[in-house]
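To start, the structure itself, in structure tokens.
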2 protein chains.
Amino acid sequence: MVQLGRHFGAGPASLAEIAAEEDLPRAYLEQLVMSLREAKLVGGTRGAHGGYELARSPESISMSEVLRALEGPIAPMMCASDDPEHSIGCDRSARCTVNVLWVRVRDAVAGALDSMTLADLVPPRAAPTPIQPSPLQGALTTP
Amino acid sequence: MVQLGRHFGAGPASLAEIAAEEDLPRAYLEQLVMSLREAKLVGGTRGAHGGYELARSPESISMSEVLRALEGPIAPMMCASDDPEHSIGCDRSARCTVNVLWVRVRDAVAGALDSMTLADLVPPRAAPTPIQPSPLQGALTTP
DNA sequence: CTCAATCCCGACGAAATCACTCGGGATTGA
DNA sequence: TCAATCCCGAGTGATTTCGTCGGGATTGAG
């Protein structure tokens, strides 16, 4: 996850390393990285001295991509999913007025996630390019 | 939930009625309404011909209140909860740079929820006072 | 060539959560 | 008095989440 961002440009990082730094079980990490790989966000190189690496620069990877890769489509409820494939319309869709609410929430979340990149989350001192300050939070904190 | 909003001003509605209209199990509704009662959003009147009623007008009840009552504090992760009481700091809080992300998401959700009231969700024809069009969605859909 | 490090993959398991059920009071209008 | 209704706590079954296990397949180094 984020550790890979910190490690960017320094060659591949083995799961063993990451597991140590993050103290998470290595076997579990494997599983997570698999999802990231399927989403083409990281690439793995095999063999001794192998490991994982970001496929693109941290600045170009939005957190919405990461989260979608790890947790599936953004959907507060099944009837308001990002991905039309997975959205199963609930039986009472006709008289259900609540759907708009969920759609709003979903868009809010997606917006927040889109407004941050992996680079925003690597520890401060390493932040290379100043990012435009999120346009989002102004709108959200106004009364 | 929303049905109560629709029913506002027409005296108390029994769970049996609501269960019929919503076709949800009545016993389950009881449980939900309990939470709403604890949050002072609805009041119950007992005895024959009793039922539940909104405690305030639908326009004055924000969906964030409702959701907080039903699902607890708004918190995408435990380390970024609305309610300081329930927020349990994760062990790695020191080196955890991800927290800001969750806080942003939480605020986005809270904002979206605050921007809608129960009245916005009662079926269109019944909407009494025109609400100011949400200030939120403009900000969220801009590139 | 061989071997150890590492990724790749599928299946399994325990714990928490969700949606819902059961059974039995306590109150009140008719 | 009695039936309708709220009030309340405990219990259940399915699903999801977090994490484990074991065994290949690849590749660089010696």
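Following the order of the structure tokens, chains are lettered A, B, ..., residues in each are numbered from 1, and ligands are numbered from 1.
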
Which residues of chain A are close to chain D, meaning at most 7 Å apart when you count only C-alpha atoms (C1' of nucleotides), and how do they look as a PDB file with C-alpha atoms, in the first residue's frame?
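New file part26.pdb:
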ATOM      1  CA  TYR A  28      -2.013 -11.467   4.243  1.00  0.00           C
ATOM      2  CA  ARG A  46      10.039 -12.779  -9.459  1.00  0.00           C
ATOM      3  CA  GLY A  47      13.031 -14.741  -8.385  1.00  0.00           C
ATOM      4  CA  ALA A  48      15.653 -13.923  -5.813  1.00  0.00           C
TER       5      ALA A  48
END

Restrict the calculation to only C-alpha atoms, then for each residue of chain B with any atom at most 6 Å from an atom of chain A give the closest atom pair and their distance in Å to one decimal, rows by chain and rising residue number, as CSV.
residue,atom,partner,partner_atom,distance
B:Thr97,CA,A:Leu121,CA,5.7
B:Val105,CA,A:Ala112,CA,5.7
B:Ala108,CA,A:Ala108,CA,5.4
B:Val109,CA,A:Val105,CA,5.7
B:Gly111,CA,A:Leu140,CA,5.6
B:Ala112,CA,A:Val105,CA,5.7
B:Leu121,CA,A:Thr97,CA,5.7
B:Leu140,CA,A:Gly111,CA,5.6

*Report as an NGL selection string the set of chain A residues whose atoms approach chain C to within 12 Å, with distances computed over only C-alpha atoms (C1' of nucleotides).*
:A and (12-17 or 27 or 30-31 or 33-34 or 37 or 43-52)

*Would you return as JSON, numbers by chain the members of segment 4-124 of chain A that DSSP assigns to helix (DSSP H, G or I) on this structure's backbone?*
{"A": [4, 5, 6, 15, 16, 17, 18, 19, 20, 21, 22, 26, 27, 28, 29, 30, 31, 32, 33, 34, 35, 36, 37, 38, 58, 59, 60, 63, 64, 65, 66, 67, 68, 69, 70, 71, 78, 79, 80, 99, 100, 101, 102, 103, 104, 105, 106, 107, 108, 109, 110, 111, 112, 113, 114, 118, 119, 120, 121, 124]}

Prev. selection, C-alpha atoms, output as a compact mmCIF listing (two decimals), in the first residue's frame:
# COMPACT_ATOMS: atom_id res chain seq x y z
CA LEU A 4 5.26 1.07 -1.66
CA GLY A 5 4.77 4.73 -2.43
CA ARG A 6 7.47 5.70 0.02
CA LEU A 15 6.95 -8.65 0.85
CA ALA A 16 9.20 -9.69 3.70
CA GLU A 17 10.52 -6.14 3.95
CA ILE A 18 7.11 -4.58 3.81
CA ALA A 19 5.70 -7.01 6.32
CA ALA A 20 8.50 -6.10 8.70
CA GLU A 21 8.04 -2.34 8.35
CA GLU A 22 4.28 -2.56 8.65
CA ARG A 26 3.25 -11.46 5.17
CA ALA A 27 0.74 -14.01 3.89
CA TYR A 28 -2.01 -11.47 4.24
CA LEU A 29 -0.09 -8.82 2.35
CA GLU A 30 0.28 -11.23 -0.53
CA GLN A 31 -3.45 -11.35 -0.83
CA LEU A 32 -3.79 -7.59 -0.87
CA VAL A 33 -1.02 -7.10 -3.37
CA MET A 34 -2.72 -9.58 -5.66
CA SER A 35 -5.66 -7.22 -5.98
CA LEU A 36 -3.38 -4.31 -6.66
CA ARG A 37 -1.65 -6.34 -9.31
CA GLU A 38 -4.89 -7.22 -11.04
CA PRO A 58 2.71 8.02 -6.76
CA GLU A 59 1.42 11.39 -7.94
CA SER A 60 -0.51 9.75 -10.73
CA MET A 63 -6.61 6.87 -3.76
CA SER A 64 -9.91 6.07 -5.39
CA GLU A 65 -8.07 3.68 -7.68
CA VAL A 66 -6.33 2.07 -4.77
CA LEU A 67 -9.46 1.67 -2.73
CA ARG A 68 -11.45 0.35 -5.63
CA ALA A 69 -8.74 -2.20 -6.24
CA LEU A 70 -8.68 -3.29 -2.62
CA GLU A 71 -12.32 -3.11 -1.64
CA MET A 78 -25.61 -2.34 -3.25
CA CYS A 79 -28.21 -0.30 -5.09
CA ALA A 80 -25.83 2.64 -5.53
CA ASN A 99 -31.42 5.90 -3.51
CA VAL A 100 -30.55 9.53 -4.30
CA LEU A 101 -29.14 9.86 -0.81
CA TRP A 102 -26.77 6.96 -1.33
CA VAL A 103 -25.74 8.25 -4.71
CA ARG A 104 -24.86 11.58 -3.14
CA VAL A 105 -22.84 9.89 -0.44
CA ARG A 106 -21.08 7.76 -2.98
CA ASP A 107 -20.17 10.78 -5.08
CA ALA A 108 -18.94 12.58 -2.01
CA VAL A 109 -16.69 9.69 -1.10
CA ALA A 110 -15.48 9.28 -4.65
CA GLY A 111 -14.72 12.99 -4.77
CA ALA A 112 -12.73 12.90 -1.57
CA LEU A 113 -10.83 9.87 -2.73
CA ASP A 114 -10.15 11.32 -6.16
CA LEU A 118 -0.68 8.18 -3.08
CA ALA A 119 1.94 10.93 -3.03
CA ASP A 120 -0.18 12.88 -0.55
CA LEU A 121 0.17 10.02 1.89
CA PRO A 124 5.67 14.66 4.68

*For the atom pair atom CA of His7 of chain B and atom CA of Pro25 of chain B, what is the interatomic distance in Å to one decimal place?*
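Answer for the atom CA of His7 of chain B to atom CA of Pro25 of chain B separation: 19.1 Å.
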
*Which of segment 29-110 of chain B fall in strand (DSSP E or B), as a PyMOL selection string*: chain B and resi 42-45+51-54+62

Any chance you could export the current selection's C-alpha atoms as a compact mmCIF listing (two decimals), in the first residue's frame?
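This went into result.txt:
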# COMPACT_ATOMS: atom_id res chain seq x y z
CA VAL B 42 -39.22 9.60 17.28
CA GLY B 43 -41.59 9.23 20.18
CA GLY B 44 -43.77 6.24 20.90
CA THR B 45 -47.24 6.30 22.42
CA GLY B 51 -47.67 3.98 17.50
CA TYR B 52 -44.65 6.05 16.61
CA GLU B 53 -44.33 9.61 15.50
CA LEU B 54 -41.55 11.94 14.49
CA SER B 62 -30.92 15.82 8.90

*Quick one: distance from atom CA of Ile61 of chain A to atom CA of Ile88 of chain B in Å, one decimal?*
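According to the coordinates, atom CA of Ile61 of chain A and atom CA of Ile88 of chain B are separated by 29.0 Å.
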
*Kindly give the distance, in Å, that separates atom CA of Lys40 of chain A and atom CA of Gln3 of chain A, rounded to a single decimal.*
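Here the two named atoms are 17.0 Å from each other.
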